[in-house]
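Peer 1: Structure provided below as structure tokens; questions to follow.
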Amino acid sequence: MPESLQMLLHTFSALADLGQEVTNAEDFPEMVRHGMFLLLGSLAIRRGGIAEFDEESGRLRFVATRGLGDERLKDITLDALDIESLRNLGLCGFHVGDEASGLQRFWQRHQALLDAQRIELIVPLVVRGDLNGLIILGGKASGAPFSADDRDVICSMARHLAVGIHTHRLLAELEHKAEENRRLYEGQRAIYKDTVRAFAAAIDIKDKYTQGHSERVGKYSEAIAREMGWSEEEVEGIAVAGYLHDIGKLIVERDIINAPYRIDAKQSSELNRHPAAGFEILSPIKHPYADIPLMARYHHERIDGRGYPEGLTGDQIPMGAKIVALADSFDAMTTDRPYKRRRTLEDVVEDLRHNTGKQFGPEVVIAFCKALLKEVTGETKKRTIVKLLGKDYIEPERIAPLLAQLVKDLESGALVATNKA
Amino acid sequence: MSESITGVPVSSRCIGKTAVIYAGDYLNKLSGERIERECRRQFEAGYRALVINFRDTELVNSIGVSILLGVIDAAEHVGAQLVFSDVNHQTIQLFEMLGLTRHVALAKDEQEALKTLTEFAATPQANGH
């Protein structure tokens with residue numbers, strides 16, 4: 001094979017390999033190192049280095065070097081004039097000291113370093129007028145000076161590397177911006193959550209007997225949704241719905257809410273306006289979660305259609321509203337009220353048994369019982385429900401079998417059929 | 001013996017004061033740097049005569065050339081003698097064209113390489129007077 005053809009094949013193969021390598025966005029230093037091996041090997045150049053330019057610090061940071069001595073090559077600091085002159089030259093190979101290059105000032109400033117490393121050629125890595133880096137190259141193994149053809153080969157390969165570095169920089173910038181956006185978004189979510197909590201506190205302050213009710217309903221709802229396999233996003237949403245479900249109470253007379261006796265029909269009708277009022281308050285807000293206003297509107301609906309405000313039945317009631325409804329009732333039964341003390345947990349489980357399929361959705365009751373059972377038996381270390389109820393309130397050996405039996409009866413479907421009948 | 005490349009060891013052996021390293025077909029990827037490291041290890045162990053046997057190497061690409069330049073550098077640094085043996089015709093042409101043969105001797109086979117190195121060791125310069 002003629003020598004020129006073999007040389008052509010050798011450099012062409014290096015160029016092809018490099019073209020593939022620069023698409024490796026996952027490991028930037030490895031991509032550059034690989035590129036350097038290919039570049040040096042294509043013309044048997046004995047030493048060299050590839051630096052990435054950091055615009056912020058004005059430094060050329062060497063990503064890969066070879067044959068430049070044991071000591072890692074120190075970064076090169078460029079001043080504005082250096083940057084300007086390298087940028088203006090574009091992507092070309094220049095012999096060190098070449099007076100025609102217009103880099104006299106650069107040669108002077110960095111002569112000691114270039115001499116110490118026996119550098120013969122430099123190539124600024126310029127893409128679309130931006131300086132992305134610099135390649136420095138020592139002599140060839142043949143001892144011959146770099147020819148015009150050599151410089152063409154080097155510039156072709158340098159172009160690939162420049163694009164690789166440029167792409168890496170763009171990706172890094174994009175990632176940085178995405179991270180910044182993520183932080184902003186997280187910040188906004190935190191503000192939203194704090195606002196929701198503040199609202200919940202405001203709602204509960206109005207009702208002196210049920211302090212902490214909204215927060216507990218939020219947490220019970222969260223536990224149920226998680227047990228039902230909802231996504232984290234959905235679980236966060238249902239917690240917010242729980243916190244805000246009673247927001248409509250803000251328009252109900254304080255005397256009615258705080259009445260230390262059973263309220264009469266008229267007062268009851270006034271109080272029953274709160275789900276629809278909650279919907280009106282929450283609807284204009286752009287929540288980061290779906291259906292929050294609907295969950296407030298329907299949290300007093302019942303499966304059997306005897307709830308309010310619309311008397312919806314079964315599947316007409318959104319699942320989120322069914323969850324909040326159970327969490328709300330459970331908290332009402334397990335906390336002291338002005339006119340009655342809280343019921344025992346056994347009694348509450350009996351109430352759930354009696355009302356599933358009538359007041360409560362079976363799938364929601366099953367999930368709640370399973371979540372509570374896991375906490376009571378220690379199957380899970382997360383004790384959301386137990387903490388809210390208080391340890392003294394629960395007798396695990398008594399409550400666990402009741403919960404397990406209720407789950408079993410509900411899953412068989414027989415209990416719901418009986419309750420409906 | 002020696003360093004493994006994805007489970008396959010870099011093959012090498014020592015004959016008297018000479019170390020022989022088999023390039024295999026690893027040379028054309030970055031993992032071939034392990035061959036360079038193996039050479040450096042032999043130099044550190046005191047060997048000053050080294051043969052790289054290319055009997056299983058069909059083709060040397062740019063990465064392979066870079067790795068071999070690293071070996072040449074390391075040999076020059078410690079004053080070691082380096083011979084490439086069993087190099088195929090096409091690769092010989094490439095080495096000549098790129099100027100590698102200015103820094104390293106070529107031998108037809110391992111026997112000839114060992115002989116070359118023995119002869120070199122017998123010269124007054126190599127014996128250090």
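Following the order of the structure tokens, first chain is A, next is B, and so on, with residues numbered from 1 inside each chain and ligands from 1 in the order they appear.
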So which residues touch stretch 88-90 of chain A within 12 Å, counting only C-alpha atoms, skipping near sequence neighbours fewer than 3 positions away, as a list of chain:residue names?

Peer 2: A:Leu81, A:Asp82, A:Ile83, A:Glu84, A:Ser85, A:Gly93, A:Phe94, A:Ala100, A:Ser101, A:Gly102, A:Leu103, A:Ile122, A:Val123, A:Pro124, A:Leu125, A:Val126, A:Val127, A:Arg128, A:Gly129, A:Asp130, A:Leu131, A:Asn132, A:Gly133, A:Leu134, A:Cys155, A:Ala158, A:Arg159, A:Ala162

Peer 1: Take the residues from that selection and write them out as a short mmCIF file (atom, residue, chain, number, x, y, z; two decimals), in the first residue's frame, keeping C-alpha atoms.

Peer 2:
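Final output, saved to part32.cif:
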data_model
loop_
_atom_site.label_atom_id
_atom_site.label_comp_id
_atom_site.auth_asym_id
_atom_site.auth_seq_id
_atom_site.Cartn_x
_atom_site.Cartn_y
_atom_site.Cartn_z
CA LEU A 81 -6.31 40.59 25.26
CA ASP A 82 -5.24 36.92 25.16
CA ILE A 83 -8.86 35.85 24.91
CA GLU A 84 -9.59 38.41 22.23
CA SER A 85 -6.63 37.42 20.08
CA GLY A 93 -2.98 25.56 14.26
CA PHE A 94 -0.16 28.01 15.05
CA ALA A 100 2.30 36.21 11.62
CA SER A 101 -0.28 34.78 14.02
CA GLY A 102 -0.64 38.06 15.87
CA LEU A 103 -0.08 36.18 19.13
CA ILE A 122 -1.22 25.51 19.65
CA VAL A 123 -4.81 25.31 18.43
CA PRO A 124 -7.47 27.61 19.92
CA LEU A 125 -10.78 25.76 20.18
CA VAL A 126 -13.22 28.33 18.89
CA VAL A 127 -16.87 27.57 18.12
CA ARG A 128 -19.18 30.31 16.83
CA GLY A 129 -16.78 33.00 17.97
CA ASP A 130 -16.54 31.60 21.53
CA LEU A 131 -13.24 30.43 22.95
CA ASN A 132 -13.93 26.98 24.39
CA GLY A 133 -10.41 25.78 25.04
CA LEU A 134 -6.93 25.27 23.71
CA CYS A 155 -7.57 21.25 12.77
CA ALA A 158 -9.67 19.92 16.86
CA ARG A 159 -12.99 20.93 15.31
CA ALA A 162 -14.18 21.94 20.07
#

Peer 1: Could you please select, counting only C-alpha atoms, the residues of chain B within 12 Å of chain A and state them as an mmCIF file with C-alpha atoms, in the first residue's frame?

Peer 2:
data_model
loop_
_atom_site.group_PDB
_atom_site.id
_atom_site.type_symbol
_atom_site.label_atom_id
_atom_site.label_comp_id
_atom_site.auth_asym_id
_atom_site.auth_seq_id
_atom_site.Cartn_x
_atom_site.Cartn_y
_atom_site.Cartn_z
ATOM 1 C CA LEU B 27 -3.741 -1.983 22.155
ATOM 2 C CA ASN B 28 -6.420 -0.198 20.183
ATOM 3 C CA LYS B 29 -8.583 0.952 23.041
ATOM 4 C CA LEU B 30 -7.937 3.050 26.137
ATOM 5 C CA SER B 31 -7.862 -0.083 28.269
ATOM 6 C CA GLY B 32 -4.611 -0.784 26.404
ATOM 7 C CA GLU B 33 -3.013 1.786 28.704
ATOM 8 C CA LEU B 59 -3.793 -3.640 13.551
ATOM 9 C CA VAL B 60 -2.472 -0.660 15.483
ATOM 10 C CA ASN B 61 -4.654 2.458 15.403
ATOM 11 C CA SER B 62 -4.075 5.995 16.711
ATOM 12 C CA ILE B 63 -4.804 5.012 20.294
ATOM 13 C CA GLY B 64 -2.300 2.163 19.984
ATOM 14 C CA VAL B 65 0.308 4.574 18.626
ATOM 15 C CA SER B 66 -0.294 6.934 21.564
ATOM 16 C CA ILE B 67 0.111 4.097 24.024
ATOM 17 C CA LEU B 68 3.339 2.942 22.388
ATOM 18 C CA LEU B 69 4.685 6.513 22.457
ATOM 19 C CA GLY B 70 4.008 6.452 26.210
ATOM 20 C CA VAL B 71 6.065 3.244 26.486
ATOM 21 C CA ILE B 72 8.891 4.793 24.420
ATOM 22 C CA ASP B 73 8.862 7.846 26.712
ATOM 23 C CA ALA B 74 9.015 5.654 29.803
ATOM 24 C CA GLU B 76 13.854 6.717 27.422
ATOM 25 C CA HIS B 77 13.238 8.126 30.884
ATOM 26 C CA HIS B 89 4.144 -5.743 7.508
ATOM 27 C CA GLN B 90 1.363 -3.197 7.537
ATOM 28 C CA THR B 91 2.165 -2.114 11.100
ATOM 29 C CA ILE B 92 5.880 -1.880 10.293
ATOM 30 C CA GLN B 93 4.986 0.502 7.468
ATOM 31 C CA LEU B 94 2.886 2.575 9.852
ATOM 32 C CA PHE B 95 5.635 2.721 12.505
ATOM 33 C CA GLU B 96 8.178 3.775 9.897
ATOM 34 C CA MET B 97 5.887 6.371 8.424
ATOM 35 C CA LEU B 98 5.117 7.887 11.831
ATOM 36 C CA GLY B 99 8.728 7.837 12.973
ATOM 37 C CA LEU B 100 8.378 5.330 15.815
ATOM 38 C CA THR B 101 11.246 3.308 14.375
ATOM 39 C CA ARG B 102 13.570 6.209 15.175
ATOM 40 C CA HIS B 103 13.087 5.375 18.839
ATOM 41 C CA VAL B 104 12.642 1.626 18.897
#

Peer 1: List the spatial neighbours of B:Leu106 as a list of chain:residue names - criterion: any atom at most 6 Å away, only C-alpha atoms, same-chain residues fewer than 3 positions off excluded.

Peer 2: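 Counting only the stated atoms, we get B:Val83, B:Phe84, B:Ser85.
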
Peer 1: Next, the residues of the selection above should be written as an mmCIF file, in the first residue's frame with N, CA and C atoms.

Peer 2:
data_model
loop_
_atom_site.group_PDB
_atom_site.id
_atom_site.type_symbol
_atom_site.label_atom_id
_atom_site.label_comp_id
_atom_site.auth_asym_id
_atom_site.auth_seq_id
_atom_site.Cartn_x
_atom_site.Cartn_y
_atom_site.Cartn_z
ATOM 1 N N VAL B 83 12.526 -3.200 22.213
ATOM 2 C CA VAL B 83 12.442 -3.831 20.879
ATOM 3 C C VAL B 83 11.002 -4.312 20.662
ATOM 4 N N PHE B 84 10.482 -4.038 19.461
ATOM 5 C CA PHE B 84 9.168 -4.561 19.088
ATOM 6 C C PHE B 84 9.402 -5.790 18.218
ATOM 7 N N SER B 85 8.742 -6.900 18.567
ATOM 8 C CA SER B 85 8.919 -8.102 17.746
ATOM 9 C C SER B 85 7.601 -8.564 17.132
#

Peer 1: DSSP says helix (DSSP H, G or I) for which residues of stretch 20-118 of chain B? Put them as an NGL selection string?

Peer 2: :B and (30-44 or 62-78 or 89-98 or 100-102 or 110-118)

Peer 1: Kindly save the residues from that selection, with N, CA and C atoms included, as a compact mmCIF listing (two decimals), in the first residue's frame.

Peer 2:
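Output contents, as saved in part.txt:
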# COMPACT_ATOMS: atom_id res chain seq x y z
N LEU B 30 -8.59 2.40 24.99
CA LEU B 30 -7.94 3.05 26.14
C LEU B 30 -7.53 2.05 27.22
N SER B 31 -8.25 0.91 27.27
CA SER B 31 -7.86 -0.08 28.27
C SER B 31 -6.45 -0.60 27.99
N GLY B 32 -5.97 -0.38 26.76
CA GLY B 32 -4.61 -0.78 26.40
C GLY B 32 -3.55 -0.03 27.18
N GLU B 33 -3.96 1.05 27.85
CA GLU B 33 -3.01 1.79 28.70
C GLU B 33 -2.41 0.87 29.76
N ARG B 34 -3.13 -0.22 30.03
CA ARG B 34 -2.62 -1.16 31.04
C ARG B 34 -1.32 -1.80 30.57
N ILE B 35 -1.19 -1.89 29.26
CA ILE B 35 0.08 -2.43 28.72
C ILE B 35 1.20 -1.44 29.05
N GLU B 36 0.90 -0.15 28.88
CA GLU B 36 1.90 0.88 29.21
C GLU B 36 2.26 0.80 30.70
N ARG B 37 1.23 0.61 31.51
CA ARG B 37 1.49 0.54 32.95
C ARG B 37 2.32 -0.70 33.29
N GLU B 38 2.04 -1.80 32.57
CA GLU B 38 2.81 -3.03 32.81
C GLU B 38 4.29 -2.80 32.45
N CYS B 39 4.53 -2.09 31.35
CA CYS B 39 5.91 -1.77 30.96
C CYS B 39 6.58 -0.93 32.05
N ARG B 40 5.86 0.09 32.52
CA ARG B 40 6.43 0.95 33.57
C ARG B 40 6.74 0.13 34.82
N ARG B 41 5.83 -0.83 35.11
CA ARG B 41 6.03 -1.67 36.29
C ARG B 41 7.32 -2.49 36.16
N GLN B 42 7.55 -3.00 34.93
CA GLN B 42 8.77 -3.78 34.70
C GLN B 42 10.01 -2.89 34.85
N PHE B 43 9.91 -1.64 34.37
CA PHE B 43 11.04 -0.71 34.52
C PHE B 43 11.29 -0.43 36.00
N GLU B 44 10.19 -0.24 36.74
CA GLU B 44 10.34 0.01 38.18
C GLU B 44 10.95 -1.19 38.89
N SER B 62 -4.66 4.79 16.09
CA SER B 62 -4.08 5.99 16.71
C SER B 62 -3.93 5.85 18.22
N ILE B 63 -4.91 5.20 18.84
CA ILE B 63 -4.80 5.01 20.29
C ILE B 63 -3.60 4.12 20.61
N GLY B 64 -3.44 3.06 19.80
CA GLY B 64 -2.30 2.16 19.98
C GLY B 64 -0.99 2.91 19.83
N VAL B 65 -0.92 3.79 18.84
CA VAL B 65 0.31 4.57 18.63
C VAL B 65 0.59 5.44 19.85
N SER B 66 -0.46 6.08 20.37
CA SER B 66 -0.29 6.93 21.56
C SER B 66 0.24 6.13 22.74
N ILE B 67 -0.33 4.94 22.90
CA ILE B 67 0.11 4.10 24.02
C ILE B 67 1.58 3.70 23.85
N LEU B 68 1.95 3.34 22.64
CA LEU B 68 3.34 2.94 22.39
C LEU B 68 4.30 4.12 22.57
N LEU B 69 3.84 5.33 22.22
CA LEU B 69 4.68 6.51 22.46
C LEU B 69 4.91 6.71 23.95
N GLY B 70 3.87 6.38 24.74
CA GLY B 70 4.01 6.45 26.21
C GLY B 70 5.06 5.47 26.70
N VAL B 71 5.07 4.27 26.10
CA VAL B 71 6.07 3.24 26.49
C VAL B 71 7.47 3.72 26.09
N ILE B 72 7.58 4.29 24.89
CA ILE B 72 8.89 4.79 24.42
C ILE B 72 9.40 5.88 25.37
N ASP B 73 8.51 6.78 25.76
CA ASP B 73 8.86 7.85 26.71
C ASP B 73 9.39 7.26 28.01
N ALA B 74 8.63 6.27 28.52
CA ALA B 74 9.01 5.65 29.80
C ALA B 74 10.37 4.97 29.68
N ALA B 75 10.61 4.30 28.55
CA ALA B 75 11.89 3.60 28.35
C ALA B 75 13.04 4.60 28.27
N GLU B 76 12.81 5.69 27.55
CA GLU B 76 13.85 6.72 27.42
C GLU B 76 14.16 7.34 28.79
N HIS B 77 13.09 7.49 29.57
CA HIS B 77 13.24 8.13 30.88
C HIS B 77 14.16 7.32 31.80
N VAL B 78 14.10 6.00 31.70
CA VAL B 78 14.93 5.18 32.60
C VAL B 78 16.18 4.62 31.88
N HIS B 89 3.60 -6.64 8.53
CA HIS B 89 4.14 -5.74 7.51
C HIS B 89 3.44 -4.38 7.52
N GLN B 90 2.15 -4.44 7.59
CA GLN B 90 1.36 -3.20 7.54
C GLN B 90 1.71 -2.28 8.72
N THR B 91 1.86 -2.90 9.90
CA THR B 91 2.17 -2.11 11.10
C THR B 91 3.59 -1.56 11.04
N ILE B 92 4.50 -2.37 10.46
CA ILE B 92 5.88 -1.88 10.29
C ILE B 92 5.85 -0.61 9.45
N GLN B 93 5.09 -0.67 8.36
CA GLN B 93 4.99 0.50 7.47
C GLN B 93 4.49 1.72 8.24
N LEU B 94 3.48 1.48 9.07
CA LEU B 94 2.89 2.57 9.85
C LEU B 94 3.92 3.16 10.82
N PHE B 95 4.64 2.27 11.53
CA PHE B 95 5.63 2.72 12.50
C PHE B 95 6.74 3.52 11.82
N GLU B 96 7.12 3.06 10.63
CA GLU B 96 8.18 3.77 9.90
C GLU B 96 7.68 5.15 9.45
N MET B 97 6.47 5.13 8.94
CA MET B 97 5.89 6.37 8.42
C MET B 97 5.73 7.42 9.53
N LEU B 98 5.37 6.94 10.73
CA LEU B 98 5.12 7.89 11.83
C LEU B 98 6.39 8.21 12.62
N LEU B 100 8.17 6.09 14.57
CA LEU B 100 8.38 5.33 15.81
C LEU B 100 9.68 4.54 15.74
N THR B 101 10.05 4.13 14.53
CA THR B 101 11.25 3.31 14.38
C THR B 101 12.53 4.10 14.64
N ARG B 102 12.39 5.41 14.79
CA ARG B 102 13.57 6.21 15.17
C ARG B 102 13.90 5.98 16.65
N GLU B 110 10.55 -12.98 18.55
CA GLU B 110 10.98 -12.78 19.94
C GLU B 110 12.44 -13.21 20.14
N GLN B 111 12.81 -14.32 19.50
CA GLN B 111 14.18 -14.82 19.60
C GLN B 111 15.18 -13.76 19.16
N GLU B 112 14.85 -13.18 17.97
CA GLU B 112 15.75 -12.17 17.42
C GLU B 112 15.79 -10.94 18.33
N ALA B 113 14.65 -10.61 18.90
CA ALA B 113 14.59 -9.45 19.80
C ALA B 113 15.47 -9.67 21.03
N LEU B 114 15.36 -10.89 21.58
CA LEU B 114 16.16 -11.20 22.77
C LEU B 114 17.65 -11.16 22.43
N LYS B 115 17.97 -11.66 21.24
CA LYS B 115 19.37 -11.66 20.79
C LYS B 115 19.87 -10.21 20.65
N THR B 116 19.03 -9.39 20.05
CA THR B 116 19.41 -7.98 19.87
C THR B 116 19.70 -7.34 21.22
N LEU B 117 18.85 -7.61 22.16
CA LEU B 117 19.02 -6.99 23.48
C LEU B 117 20.25 -7.55 24.20
N THR B 118 20.53 -8.84 24.00
CA THR B 118 21.71 -9.46 24.62
C THR B 118 22.97 -8.83 24.05

Peer 1: Would you pick out the contacts of A:Lys193 at 8 Å or less, using only C-alpha atoms, so that residues sharing its chain but fewer than 4 positions from it are not included, and give the list as number ranges by chain?

Peer 2: A: 189, 197, 240

Peer 1: For A:Leu410, find every residue with an atom within 9 Å (counting only C-alpha atoms), except residues of its own chain fewer than 5 positions away, and show them as an mmCIF file with N, CA and C atoms, in the first residue's frame.

Peer 2:
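See out_7.cif below for the written result:
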data_model
loop_
_atom_site.group_PDB
_atom_site.id
_atom_site.type_symbol
_atom_site.label_atom_id
_atom_site.label_comp_id
_atom_site.auth_asym_id
_atom_site.auth_seq_id
_atom_site.Cartn_x
_atom_site.Cartn_y
_atom_site.Cartn_z
ATOM 1 N N ARG A 353 -66.740 -0.486 60.427
ATOM 2 C CA ARG A 353 -67.328 -1.760 59.958
ATOM 3 C C ARG A 353 -68.787 -1.547 59.570
ATOM 4 N N THR A 356 -69.099 1.237 56.344
ATOM 5 C CA THR A 356 -68.431 1.079 55.042
ATOM 6 C C THR A 356 -69.459 0.624 54.007
ATOM 7 N N PRO A 362 -65.327 1.459 50.511
ATOM 8 C CA PRO A 362 -64.622 0.281 51.050
ATOM 9 C C PRO A 362 -63.113 0.319 50.778
ATOM 10 N N GLU A 363 -62.729 0.725 49.564
ATOM 11 C CA GLU A 363 -61.297 0.718 49.230
ATOM 12 C C GLU A 363 -60.520 1.680 50.128
ATOM 13 N N VAL A 365 -61.468 2.562 53.285
ATOM 14 C CA VAL A 365 -61.429 1.996 54.645
ATOM 15 C C VAL A 365 -60.382 0.883 54.717
ATOM 16 N N ILE A 366 -60.335 0.066 53.662
ATOM 17 C CA ILE A 366 -59.328 -1.021 53.639
ATOM 18 C C ILE A 366 -57.923 -0.417 53.747
ATOM 19 N N GLN A 405 -59.371 -8.317 60.875
ATOM 20 C CA GLN A 405 -60.650 -8.955 60.536
ATOM 21 C C GLN A 405 -61.482 -8.058 59.616
ATOM 22 N N LEU A 415 -69.156 -8.031 53.538
ATOM 23 C CA LEU A 415 -69.576 -7.020 54.520
ATOM 24 C C LEU A 415 -70.263 -5.836 53.844
ATOM 25 N N VAL A 416 -69.690 -5.384 52.740
ATOM 26 C CA VAL A 416 -70.265 -4.231 52.047
ATOM 27 C C VAL A 416 -71.665 -4.574 51.541
#

Peer 1: So the first atom is atom CA of A:Glu99 and the second is atom CA of A:Leu86; what is the distance between them in Å, to one decimal place?

Peer 2: 13.8 Å

Peer 1: Just give me the gap between atom CA of A:Tyr243 and atom CA of A:Ala276 in Å, one decimal is fine.

Peer 2: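 Separating atom CA of A:Tyr243 from atom CA of A:Ala276 is a distance of 16.1 Å.
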
Peer 1: Which distance in Å separates atom CA of A:Ala200 and atom CA of A:Leu372, to one decimal?

Peer 2: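 Atom CA of A:Leu372 lies 24.0 Å from atom CA of A:Ala200.
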
Peer 1: Identify, with DSSP run on backbone atoms, the residues in chain B assigned to strand (DSSP E), and express the list as a list in words.

Peer 2: Ser4, Ile5, Val8, Pro9, Ser12, Arg13, Cys14, Ile15, Thr18, Ala19, Val20, Ile21, Tyr22, Ala49, Leu50, Val51, Ile52, Asn53, Gln81, Leu82, Val83, Phe84, Ser85, Ala105, Leu106 and Ala107 of chain B

Peer 1: Identify, on the basis of only C-alpha atoms, every residue whose closest approach to B:Asn88 does not exceed 8 Å; exclude the query and any residue fewer than 4 positions from it along the same chain; express the result as a PDB file with N, CA and C atoms, in the first residue's frame.

Peer 2:
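Result file follows (around_34.pdb):
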ATOM      1  N   PHE B  54       4.190  -8.423  19.241  1.00  0.00           N
ATOM      2  CA  PHE B  54       2.928  -8.072  18.554  1.00  0.00           C
ATOM      3  C   PHE B  54       2.332  -9.271  17.806  1.00  0.00           C
ATOM      4  N   ARG B  55       2.672 -10.486  18.224  1.00  0.00           N
ATOM      5  CA  ARG B  55       2.243 -11.657  17.433  1.00  0.00           C
ATOM      6  C   ARG B  55       0.716 -11.740  17.305  1.00  0.00           C
ATOM      7  N   GLU B  58      -3.219  -7.506  15.117  1.00  0.00           N
ATOM      8  CA  GLU B  58      -3.429  -7.388  13.664  1.00  0.00           C
ATOM      9  C   GLU B  58      -3.264  -5.962  13.184  1.00  0.00           C
ATOM     10  N   ILE B  92       4.501  -2.373  10.463  1.00  0.00           N
ATOM     11  CA  ILE B  92       5.880  -1.880  10.293  1.00  0.00           C
ATOM     12  C   ILE B  92       5.854  -0.606   9.446  1.00  0.00           C
TER      13      ILE B  92
END

Peer 1: Show me, as JSON, numbers by chain, the residues that have an atom within 9 Å of A:Asp207 when counting only C-alpha atoms, minus same-chain residues fewer than 3 positions from it.

Peer 2: {"A": [203, 204, 210, 211, 249, 254, 257, 258]}
